[in-house]
Structure formats: structure tokens, C-alpha cells
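Student: Mind looking over this structure? Questions follow.
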Amino acid sequence: MMIGATLSLNQPNYPSVPTNPQTLLNPHHQCSHLQNASDASHSNDGPPFQAIYRFRELLISHRDFTTLAFAPALKACATASALSPGKQIHAHSVKRCLASDVYVQTSLLSMYARCGQLDDAVRVFDEMPKRNVVTWTALIDAYLRSEQPEAAVTVFREMQKAGVEPDHFTVVSVLSACACLGALNLGRWVHAYIERVGLELTDYVGTSLVDMYCKCGNMADALAVFNSMKAKGVRTWNAMLHGLSVHGHGREAIQLFSRMEIDGVHSNEVTFLGVLCGCSHNGLVEEGRFYFDLMQTKYRIKPTIKHYGCMVDLLGRTGLLNEAFRMAEEMPVPPNIIVWGALLSACRIQNNVGMAEQVSERIIRIQEDFRNDDTSHYVIMSNMYARAGLSEKMAEARAKIGKKPAGRSWIEIGYDVHEFAVGEASHPMWGKIQEMLVEMMKKVGSEDAGEEDLHNTHSEKVAVAFGLLITSAPTTIRIAKNLRICEDCHSAMKSISEAYQREIIVRDCTRFHQFKGGLCSCNDYW
Ligand code: ZN
Ligand code: ZN
């Protein structure tokens with residue numbers, strides 16, 4: 001990460017857009033990249049645009065207006081993802097010599113970040129002669145928005161070096177970066193900081209802590225924070241519930257839901273997603289059916305595709321493939337690839353080639369409609385054909401396997417997070433890591449070689465090798481991974497945990513795997 005470079009002061013770079021107020025700001029044509037549904041729900045004459053029009057009227061009337069006029073107009077641009085008016089307001093701020101106004105510049109930074117223009121946001125930051133805690137937090141958020149949690153952490157470090165004290169917004173942003181990266185040590189440091197400076201454990205801050213501990217695989221601390229919180233909102237309960245579920249504590253998740261009912265917390269669709277997900281990770285079929293029914297009858301919540309996905313997953317995992325297939329076919333919303341993908345995994349676990357073929361056909365049909373070229377279902381099919389001895393079909397499926405999205409893994413050592421990506425040899429210790437990888441693979445007798453040479457080794461294996469190299473027993477090796485762990489890595493992790501007598505925790509994009517003594521907490525059920 002080259003954050004150091006971006007923090008240097010660049011030459012001022014002013015946007016070259018007209019500053020004539022008459023030509024300024026017709027935001028109607030500017031919102032081409034609305035970022036999410038809530039942004040999109042603003043009608044063109046709704047509140048954000050009114051703020052932009054008000055700004056234009058001020059400009060046209062030639063009245064003196066203070067710097068206070070900028071923030072609401074820029075916020076409006078950010079909400080509507082209206083980059084072009086935002087740039088024009090930027091130009092006006094330059095014309096009015098507001099380049100050193102920390103409030104105006106911080107609003108500009110946020111506007112660029114929220115319009116997805118990270119480079120512009122960084123440039124504004126670099127050119128600011130003065131920055132306050134809001135500015136730094138806006139930059140941390142900018143990196144989080146563009147899915148660079150590592151860089152967000154680096155900015156936080158720079159902020160500390162600059163002697164700026166974090167506020168509760170900063171703390172929440174940094175905790176969210178820690179959660180993405182599985183950076184438990186830094187997360188703990190933030191927690192200690194909150195206690196040291198006596199930041200109030202509000203619903204907002206507390207929920208972030210609970211979420212961070214859950215996502216870093218530390219359930220005991222998550223529960224301790226959760227239980228100590230006086231103000232718990234539904235988001236707090238949901239974070240705890242979801243944490244328990246993805247860790248395979250389905251029964252505890254159900255107990256927590258009962259506590260919610262007793263406390264009169266207003267459960268929402270996310271709550272039920274957590275409960276159903278817990279049921280599905282633990283194979284609790286009857287309970288799953290009960291809560292799927294309860295959400296509709298008692299809570300009047302209409303199940304979304306995600307709830308149906310959980311149910312299909314639950315039924316499929318427990319071997320009720322026909323029922324799962326029927327539910328997918330008959331759901332009121334057309335099932336997507338995630339739903340069919342869950343069923344395909346179930347077919348893999350149950351070794352049902354016939355149904356897997358039917359499911360695979362549906363996946364291919366959806367992909368054709370959406371021009372999606374993900375080929376991971378061919379990987380599953382080819383493995384299933386191989387196991388069934390259908391070598392011709394296996395070759396056919398294998399030929400269709402394309403490039404997978406790049407896998408990335410993160411491992412925290414001390415307070416530093418190291419990133420490994422497939423095919424990347426940029427780590428300064430790469431030579432040593434390679435040696436360790438070879439040794440490790442030999443020791444666990446892994447590799448149906450040919451398929452993977454060192455450069456194609458999946459990132460979680462590289463991260464484990466690095467972890468073994470740089471830490472010693474009994475330190476637990478904690479890895480976060482952006483994709484689902486593959487079968488080969490999963491079995492390798494089990495063997496490594498036994499061969500090296502180390503506990504290894506891998507959080508992939510769906511759940512936690514805790515490898516210990518040759519076994520995984522998921523019971524090979526994922
Ligand atoms: Zn793998
Ligand atoms: Zn596992």
C-alpha cells in the first residue's frame with residue numbers, strides 16, 4: 001500500500017469546469033451512477049436537489065454567502081451521486097479562495113468519496129493545509145467505500161502520527177475496517193482506546209464492536225460487549241445473532257432470538273435471516289421451518305430471496321434435496337444463482353449427480369440471461385463427475401472452467417495486516433514463504449500436483465505458510481478470505497492444523513472454519 005505517497009502535498013489540481021452560475025448545476029442529468037437503492041429513491045426534485053438549487057440561487061443573487069452554504073449543497077451531490085454539480089461547486093470554492101477552509105474541503109472530500117471518485121478525494125485531502133478529525137475520518141471512509149480496508153487502516157495510523165484524536169465516527173470506521181480484515185489485535189486496541197478515553201458505548205459504537213469481534217472470530221468478547229451494552233438497538237441484536245449463526249452456534253442464535261422476543265425488540269427481516277442462517281449451518285430443519293413460518297404469520301414479514309435461499313440451503317444440506325428443489329422452483333421470486341448455487345453444494349455433499357446436473361442447467365440458463373461468466377459450478381460438476389468415474393463428462397466440464405475472480409487472503413501479525421493474492425509474489429518475504437509452502441505441502445502430503453504450481457497456490461495456503469513462518473505455537477493463525485474456501489484448501493487446512501499442532505481460523509465469505517487437530521468446526525459442511 002502506497003499511502004505514504006498519496007499523503008504528500010501535490011500541486012493544486014483545480015477542476016476545469018465552468019463557474020458561471022447561470023450554467024451551473026442541472027443536476028437532473030448528472031445522477032448516472034446512483035450508488036444504492038436508497039440513493040435512487042430520491043426523486044429528482046426531492047430534498048437533495050433542493051439544496052443544490054438553493055446554492056445556485058445564492059450564487060445568482062450575488063448575495064454574500066458564507067462557507068456554510070457549501071456543506072449542504074455538497075452533501076446533496078453526494079447523496080444523489082451527482083458528480084458534475086459537485087465538481088462545479090468545487091470550482092466555486094476555488095474561485096472564492098476557500099481552498100484552505102477545512103469544513104468546505106472536508107465536504108468536498110466526502111462528496112468525491114461518495115460519488116466513487118477515490119483519487120479526487122485523496123487529492124483534496126493532500127491539498128488541505130489543515131485537517132481535523134472529520135477530515136481524517138472522511139478519508140478513512142473513502143477507502144472503506146472503495147473496498148480498501150487495508151488502506152483505511154494505514155490512514156488511521158497516519159492520523160495517529162499526526163496527533164489527531166479519533167472520535168466515535170472514526171472508531172466505528174476503523175472497527176469496520178478491522179472486521180473486513182479480521183484484524184483482531186487492532187480491533188482490540190480500538191476497544192481499549194474506547195475504554196481509556198471513556199467514549200460512550202452507544203448503540204452505534206457498541207454494535208460495531210460486537211460486529212468486529214464476531215467477524216474476527218472472537219465470540220467470547222463479542223458476547224461480553226453485547227451483554228455490557230445498556231442501549232441495544234435491533235442492529236446490535238442482529239449483529240450478535242448473525243455472529244452466532246455463522247460460527248455454527250445455531251441453538252444459541254435461537255436462544256438469543258427468544259431473548260429478543262421477551263425484551264420486546266422489534267425483529268426485522270435481517271433478524272430472521274440470522275435465525276434461518278443459524279438453522280441452516282446446524283442442520284436444524286424443524287426449527288428452520290418453524291421460524292420461516294413465524295416470520296410470515298406473527299411478524300408479517302414477507303420472505304425475500306435471501307430467506308428462501310437459507311431455506312433451500314437448510315433443506316439441501318440435511319439431504320432433503322427433492323424438497324429443496326421444489327422450494328426453489330416454486331418460490332414467488334425467481335431464484336438467483338446464489339439459491340441454485342447453495343443447492344448445487346448440497347448435491348455435492350450428498351453426491352447426487354443427477355440432481356446436480358438439473359441444478360447446473362438452471363444456473364447456466366440464468367447466466368445466459370445475465371451475461372455472467374462465473375464458472376465455479378463447472379468446478380463442482382467436474383469434481384463430482386471425477387468422483388463418479390464419469391471421465392468424459394468430467395473433461396467436458398473442466399474445459400469450460402474459466403478464470404476465477406482473484407482470491408485474496410489477509411492475515412494479521414501484530415498490528416500489521418498482510419495481504420496475499422493468487423499469482424502475486426510481491427511480499428518482501430516471498431522467498432522464505434515459498435520455502436515454507438513447499439515444506440508445508442510435503443509435510444501434509446497434499447497436492448494432486450499439476451493443478452497448482454506455487455504461483456497458483458490459493459491465497460489462504462500462502463497466508464498459512466506465512467503465519468507458520470512468522471508466529472510460533474500456540475498462537476492461533478487467523479485468516480480472512482474474500483471467496484469461499486475450496487475443497488482442496490479445506491482439507492489441506494485440516495492436515496496442517498494437525499501436522500503443526502496449530503489452531504487455524506479461516507473466515508471465508510460465508511462462514512468461519514476453525515481447524516484444530518485435523519478437524520474443522522464446520523464438520524465439512526459448508
Ligand atoms: Zn483453495
Ligand atoms: Zn470447515
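Please note that chains go A, B, ... in the order of the C-alpha cells, that every chain numbers its residues from 1, and that ligands are numbered from 1 in the order shown.
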Counting only C-alpha atoms and all ligand atoms, which residues of chain A sit at most 9 Å from some atom of ligand 2, and what is each one's closest atom pair with its distance in Å to one decimal, listed by chain and rising residue number, as CSV?
Tutor:
residue,atom,partner,partner_atom_place_in_ligand_line,distance
A:Ile485,CA,ligand 2,1 (Zn),8.4
A:His490,CA,ligand 2,1 (Zn),6.3
A:Ser491,CA,ligand 2,1 (Zn),8.5
A:Met493,CA,ligand 2,1 (Zn),8.8
A:Lys494,CA,ligand 2,1 (Zn),8.4
A:Val506,CA,ligand 2,1 (Zn),8.2
A:Arg511,CA,ligand 2,1 (Zn),8.4
A:Phe512,CA,ligand 2,1 (Zn),7.1
A:His513,CA,ligand 2,1 (Zn),4.2
A:Gln514,CA,ligand 2,1 (Zn),6.6
A:Phe515,CA,ligand 2,1 (Zn),7.1
A:Leu519,CA,ligand 2,1 (Zn),8.1
A:Cys520,CA,ligand 2,1 (Zn),4.7
A:Ser521,CA,ligand 2,1 (Zn),5.8
A:Cys522,CA,ligand 2,1 (Zn),4.3
A:Asn523,CA,ligand 2,1 (Zn),6.2
A:Asp524,CA,ligand 2,1 (Zn),5.2
A:Tyr525,CA,ligand 2,1 (Zn),6.7
A:Trp526,CA,ligand 2,1 (Zn),6.6
Student: What lies within 8 Å of stretch 426-439 of chain A using only C-alpha atoms, ignoring chain neighbours under 6 positions off, as JSON, numbers by chain?
Tutor: {"A": [420, 454, 461, 462, 465, 466, 469]}
Student: Hey, can you spit out that residue selection with N, CA, C and O atoms as a JSON list (two decimals), in the first residue's frame?
Tutor:
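As written to disk, selection.json reads:
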[["chain", "number", "residue", "atom", "x", "y", "z"],
["A", 420, "PHE", "N", -2.35, -11.42, 0.73],
["A", 420, "PHE", "CA", -1.81, -12.32, -0.28],
["A", 420, "PHE", "C", -2.87, -12.55, -1.35],
["A", 420, "PHE", "O", -4.04, -12.75, -1.04],
["A", 454, "LEU", "N", 3.40, -23.35, -7.53],
["A", 454, "LEU", "CA", 3.49, -22.39, -6.42],
["A", 454, "LEU", "C", 2.80, -21.07, -6.70],
["A", 454, "LEU", "O", 2.19, -20.48, -5.83],
["A", 461, "LYS", "N", -3.56, -20.64, 1.54],
["A", 461, "LYS", "CA", -2.42, -21.51, 1.84],
["A", 461, "LYS", "C", -1.15, -20.67, 2.02],
["A", 461, "LYS", "O", -0.34, -20.93, 2.90],
["A", 462, "VAL", "N", -0.99, -19.68, 1.17],
["A", 462, "VAL", "CA", 0.17, -18.80, 1.29],
["A", 462, "VAL", "C", 0.13, -18.08, 2.64],
["A", 462, "VAL", "O", 1.14, -17.99, 3.33],
["A", 465, "ALA", "N", 1.15, -20.43, 5.39],
["A", 465, "ALA", "CA", 2.60, -20.64, 5.37],
["A", 465, "ALA", "C", 3.29, -19.45, 6.03],
["A", 465, "ALA", "O", 4.21, -19.61, 6.85],
["A", 466, "PHE", "N", 2.82, -18.27, 5.69],
["A", 466, "PHE", "CA", 3.40, -17.05, 6.27],
["A", 466, "PHE", "C", 3.17, -17.02, 7.78],
["A", 466, "PHE", "O", 4.07, -16.71, 8.57],
["A", 469, "LEU", "N", 5.42, -19.35, 9.52],
["A", 469, "LEU", "CA", 6.79, -18.87, 9.44],
["A", 469, "LEU", "C", 7.06, -17.82, 10.51],
["A", 469, "LEU", "O", 8.12, -17.79, 11.13]]
Student: Let me have all residues with an atom within 12 Å of ligand 1, counting only C-alpha atoms and all ligand atoms, laid out as a CSV table (one decimal) with N, CA, C and O atoms, in the first residue's frame.
Tutor:
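Dumped everything to pocket32.csv:
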chain,number,residue,atom,x,y,z
A,379,VAL,N,-16.6,-26.2,-11.8
A,379,VAL,CA,-15.6,-26.8,-11.0
A,379,VAL,C,-16.3,-27.9,-10.1
A,379,VAL,O,-15.8,-29.0,-10.0
A,404,LYS,N,-11.2,-17.7,-12.5
A,404,LYS,CA,-12.0,-17.4,-11.3
A,404,LYS,C,-11.6,-15.9,-10.9
A,404,LYS,O,-10.6,-15.4,-11.2
A,406,ALA,N,-10.1,-13.1,-8.6
A,406,ALA,CA,-8.9,-13.3,-7.9
A,406,ALA,C,-9.2,-13.5,-6.4
A,406,ALA,O,-9.9,-12.7,-5.7
A,407,GLY,N,-8.6,-14.6,-5.8
A,407,GLY,CA,-8.8,-14.8,-4.4
A,407,GLY,C,-7.8,-14.0,-3.6
A,407,GLY,O,-6.6,-13.8,-4.1
A,408,ARG,N,-8.2,-13.4,-2.5
A,408,ARG,CA,-7.3,-12.7,-1.7
A,408,ARG,C,-7.5,-13.1,-0.2
A,408,ARG,O,-8.6,-13.4,0.2
A,409,SER,N,-6.4,-13.2,0.5
A,409,SER,CA,-6.5,-13.5,1.9
A,409,SER,C,-5.7,-12.5,2.7
A,409,SER,O,-4.7,-11.9,2.2
A,421,ALA,N,-2.4,-12.5,-2.6
A,421,ALA,CA,-3.4,-12.7,-3.7
A,421,ALA,C,-2.8,-13.8,-4.6
A,421,ALA,O,-1.5,-13.9,-4.7
A,422,VAL,N,-3.6,-14.6,-5.3
A,422,VAL,CA,-3.1,-15.6,-6.2
A,422,VAL,C,-2.2,-15.0,-7.2
A,422,VAL,O,-2.5,-14.0,-7.8
A,446,SER,N,0.0,-33.1,0.6
A,446,SER,CA,-1.1,-32.6,-0.2
A,446,SER,C,-0.7,-32.5,-1.7
A,446,SER,O,0.4,-32.9,-2.0
A,447,GLU,N,-1.6,-32.0,-2.5
A,447,GLU,CA,-1.3,-31.7,-3.9
A,447,GLU,C,-1.6,-32.8,-4.8
A,447,GLU,O,-0.8,-33.8,-4.9
A,451,GLU,N,-2.1,-29.3,-11.0
A,451,GLU,CA,-3.2,-28.3,-11.0
A,451,GLU,C,-2.7,-27.0,-10.4
A,451,GLU,O,-3.2,-26.0,-10.7
A,452,GLU,N,-1.9,-27.2,-9.4
A,452,GLU,CA,-1.4,-25.9,-8.8
A,452,GLU,C,0.1,-25.9,-8.7
A,452,GLU,O,0.7,-26.8,-8.2
A,456,ASN,N,0.2,-20.5,-8.5
A,456,ASN,CA,-1.2,-20.6,-8.5
A,456,ASN,C,-1.8,-21.0,-7.1
A,456,ASN,O,-3.0,-21.3,-7.0
A,457,THR,N,-0.9,-21.2,-6.2
A,457,THR,CA,-1.4,-21.6,-4.9
A,457,THR,C,-2.4,-20.6,-4.3
A,457,THR,O,-2.2,-19.4,-4.4
A,458,HIS,N,-3.5,-21.2,-3.8
A,458,HIS,CA,-4.6,-20.3,-3.3
A,458,HIS,C,-4.0,-19.5,-2.1
A,458,HIS,O,-3.2,-19.9,-1.3
A,459,SER,N,-4.6,-18.3,-2.1
A,459,SER,CA,-4.0,-17.3,-1.1
A,459,SER,C,-4.1,-17.7,0.3
A,459,SER,O,-3.2,-17.3,1.1
A,460,GLU,N,-5.1,-18.5,0.7
A,460,GLU,CA,-5.1,-18.9,2.1
A,460,GLU,C,-4.0,-19.8,2.5
A,460,GLU,O,-3.5,-19.8,3.6
A,461,LYS,N,-3.6,-20.6,1.5
A,461,LYS,CA,-2.4,-21.5,1.8
A,461,LYS,C,-1.2,-20.7,2.0
A,461,LYS,O,-0.3,-20.9,2.9
A,462,VAL,N,-1.0,-19.7,1.2
A,462,VAL,CA,0.2,-18.8,1.3
A,462,VAL,C,0.1,-18.1,2.6
A,462,VAL,O,1.1,-18.0,3.3
A,463,ALA,N,-1.1,-17.6,3.0
A,463,ALA,CA,-1.2,-16.9,4.3
A,463,ALA,C,-0.9,-17.8,5.5
A,463,ALA,O,-0.2,-17.4,6.4
A,464,VAL,N,-1.3,-19.1,5.4
A,464,VAL,CA,-1.0,-20.0,6.5
A,464,VAL,C,0.5,-20.2,6.6
A,464,VAL,O,1.1,-20.2,7.6
A,481,LYS,N,-10.7,-14.4,4.2
A,481,LYS,CA,-10.6,-14.7,2.7
A,481,LYS,C,-11.8,-14.1,2.0
A,481,LYS,O,-12.9,-14.2,2.5
A,482,ASN,N,-11.6,-13.6,0.8
A,482,ASN,CA,-12.7,-12.9,0.1
A,482,ASN,C,-13.7,-13.9,-0.6
A,482,ASN,O,-14.8,-13.5,-0.9
A,483,LEU,N,-13.2,-15.1,-0.9
A,483,LEU,CA,-14.1,-16.0,-1.6
A,483,LEU,C,-14.3,-17.2,-0.7
A,483,LEU,O,-13.8,-17.3,0.4
A,484,ARG,N,-15.1,-18.1,-1.2
A,484,ARG,CA,-15.4,-19.4,-0.4
A,484,ARG,C,-14.1,-20.2,-0.5
A,484,ARG,O,-13.5,-20.4,-1.5
A,485,ILE,N,-13.8,-20.9,0.6
A,485,ILE,CA,-12.6,-21.8,0.6
A,485,ILE,C,-12.9,-23.0,-0.2
A,485,ILE,O,-14.0,-23.5,-0.2
A,486,CYS,N,-11.9,-23.5,-1.0
A,486,CYS,CA,-12.2,-24.6,-1.9
A,486,CYS,C,-11.9,-25.9,-1.1
A,486,CYS,O,-11.4,-25.9,-0.1
A,487,GLU,N,-12.4,-27.0,-1.7
A,487,GLU,CA,-12.3,-28.3,-1.1
A,487,GLU,C,-10.9,-28.7,-0.8
A,487,GLU,O,-10.5,-29.2,0.3
A,488,ASP,N,-10.0,-28.4,-1.7
A,488,ASP,CA,-8.6,-28.8,-1.5
A,488,ASP,C,-8.0,-28.0,-0.4
A,488,ASP,O,-7.3,-28.6,0.5
A,489,CYS,N,-8.2,-26.7,-0.3
A,489,CYS,CA,-7.6,-25.9,0.7
A,489,CYS,C,-8.2,-26.3,2.1
A,489,CYS,O,-7.5,-26.4,3.1
A,490,HIS,N,-9.5,-26.6,2.1
A,490,HIS,CA,-10.2,-27.0,3.3
A,490,HIS,C,-9.5,-28.3,3.9
A,490,HIS,O,-9.2,-28.3,5.1
A,491,SER,N,-9.3,-29.3,3.0
A,491,SER,CA,-8.7,-30.5,3.6
A,491,SER,C,-7.2,-30.3,3.9
A,491,SER,O,-6.7,-30.8,4.9
A,492,ALA,N,-6.5,-29.4,3.1
A,492,ALA,CA,-5.1,-29.1,3.5
A,492,ALA,C,-5.1,-28.4,4.9
A,492,ALA,O,-4.2,-28.7,5.7
A,493,MET,N,-6.0,-27.5,5.1
A,493,MET,CA,-6.0,-26.8,6.4
A,493,MET,C,-6.2,-27.7,7.6
A,493,MET,O,-5.5,-27.6,8.6
A,506,VAL,N,-10.2,-19.8,9.6
A,506,VAL,CA,-10.3,-19.1,8.3
A,506,VAL,C,-11.8,-18.6,8.2
A,506,VAL,O,-12.7,-19.4,8.3
A,508,ASP,N,-14.2,-17.4,5.6
A,508,ASP,CA,-14.4,-17.1,4.1
A,508,ASP,C,-15.6,-16.3,3.9
A,508,ASP,O,-16.1,-15.7,4.9
Student: So which one's closest to A:Arg507, A:Ala183, A:Ala473, A:Met331, A:Leu59? Using only C-alpha atoms, please.
Tutor: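 Among A:Ala183, A:Ala473, A:Met331, A:Leu59, it is A:Ala183 that comes nearest to A:Arg507.
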Student: Would you please give, as a ChimeraX atom specification, all residues of stretch 310-487 of chain A that DSSP assigns to helix (DSSP H, G or I) based on the backbone?
Tutor: /A:310-317,321-330,337-350,353-370,376-387,391-399,430-443,454-456,459-470,487
Student: What gap, in Å, lies between atom CA of A:Asp211 and atom CA of A:His242?
Tutor: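 Separation of atom CA of A:Asp211 and atom CA of A:His242: 8.9 Å.
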Student: I'd like the interatomic distance between atom CA of A:Cys279 and atom CA of A:Ile262, to a tenth of an Å.
Tutor: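 Separation between atom CA of A:Cys279 and atom CA of A:Ile262: 20.3 Å.
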Student: Residues of stretch 285-433 of chain A in strand (DSSP E or B) according to DSSP, as number ranges by chain?
Tutor: A: 408-413, 416-421
Student: Please produce a file of those selected residues containing C-alpha atoms, as an mmCIF file, in the first residue's frame.
Tutor:
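And here is the file that came out, result.cif:
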data_model
loop_
_atom_site.group_PDB
_atom_site.id
_atom_site.type_symbol
_atom_site.label_atom_id
_atom_site.label_comp_id
_atom_site.auth_asym_id
_atom_site.auth_seq_id
_atom_site.Cartn_x
_atom_site.Cartn_y
_atom_site.Cartn_z
ATOM 1 C CA ARG A 408 -7.317 -12.671 -1.659
ATOM 2 C CA SER A 409 -6.489 -13.511 1.933
ATOM 3 C CA TRP A 410 -5.476 -11.347 4.842
ATOM 4 C CA ILE A 411 -3.559 -12.303 7.941
ATOM 5 C CA GLU A 412 -2.870 -10.071 10.880
ATOM 6 C CA ILE A 413 0.561 -10.259 12.515
ATOM 7 C CA ASP A 416 0.027 -5.267 10.650
ATOM 8 C CA VAL A 417 -2.204 -6.837 8.095
ATOM 9 C CA HIS A 418 -0.553 -8.756 5.258
ATOM 10 C CA GLU A 419 -2.397 -9.404 2.048
ATOM 11 C CA PHE A 420 -1.815 -12.324 -0.280
ATOM 12 C CA ALA A 421 -3.363 -12.737 -3.706
#
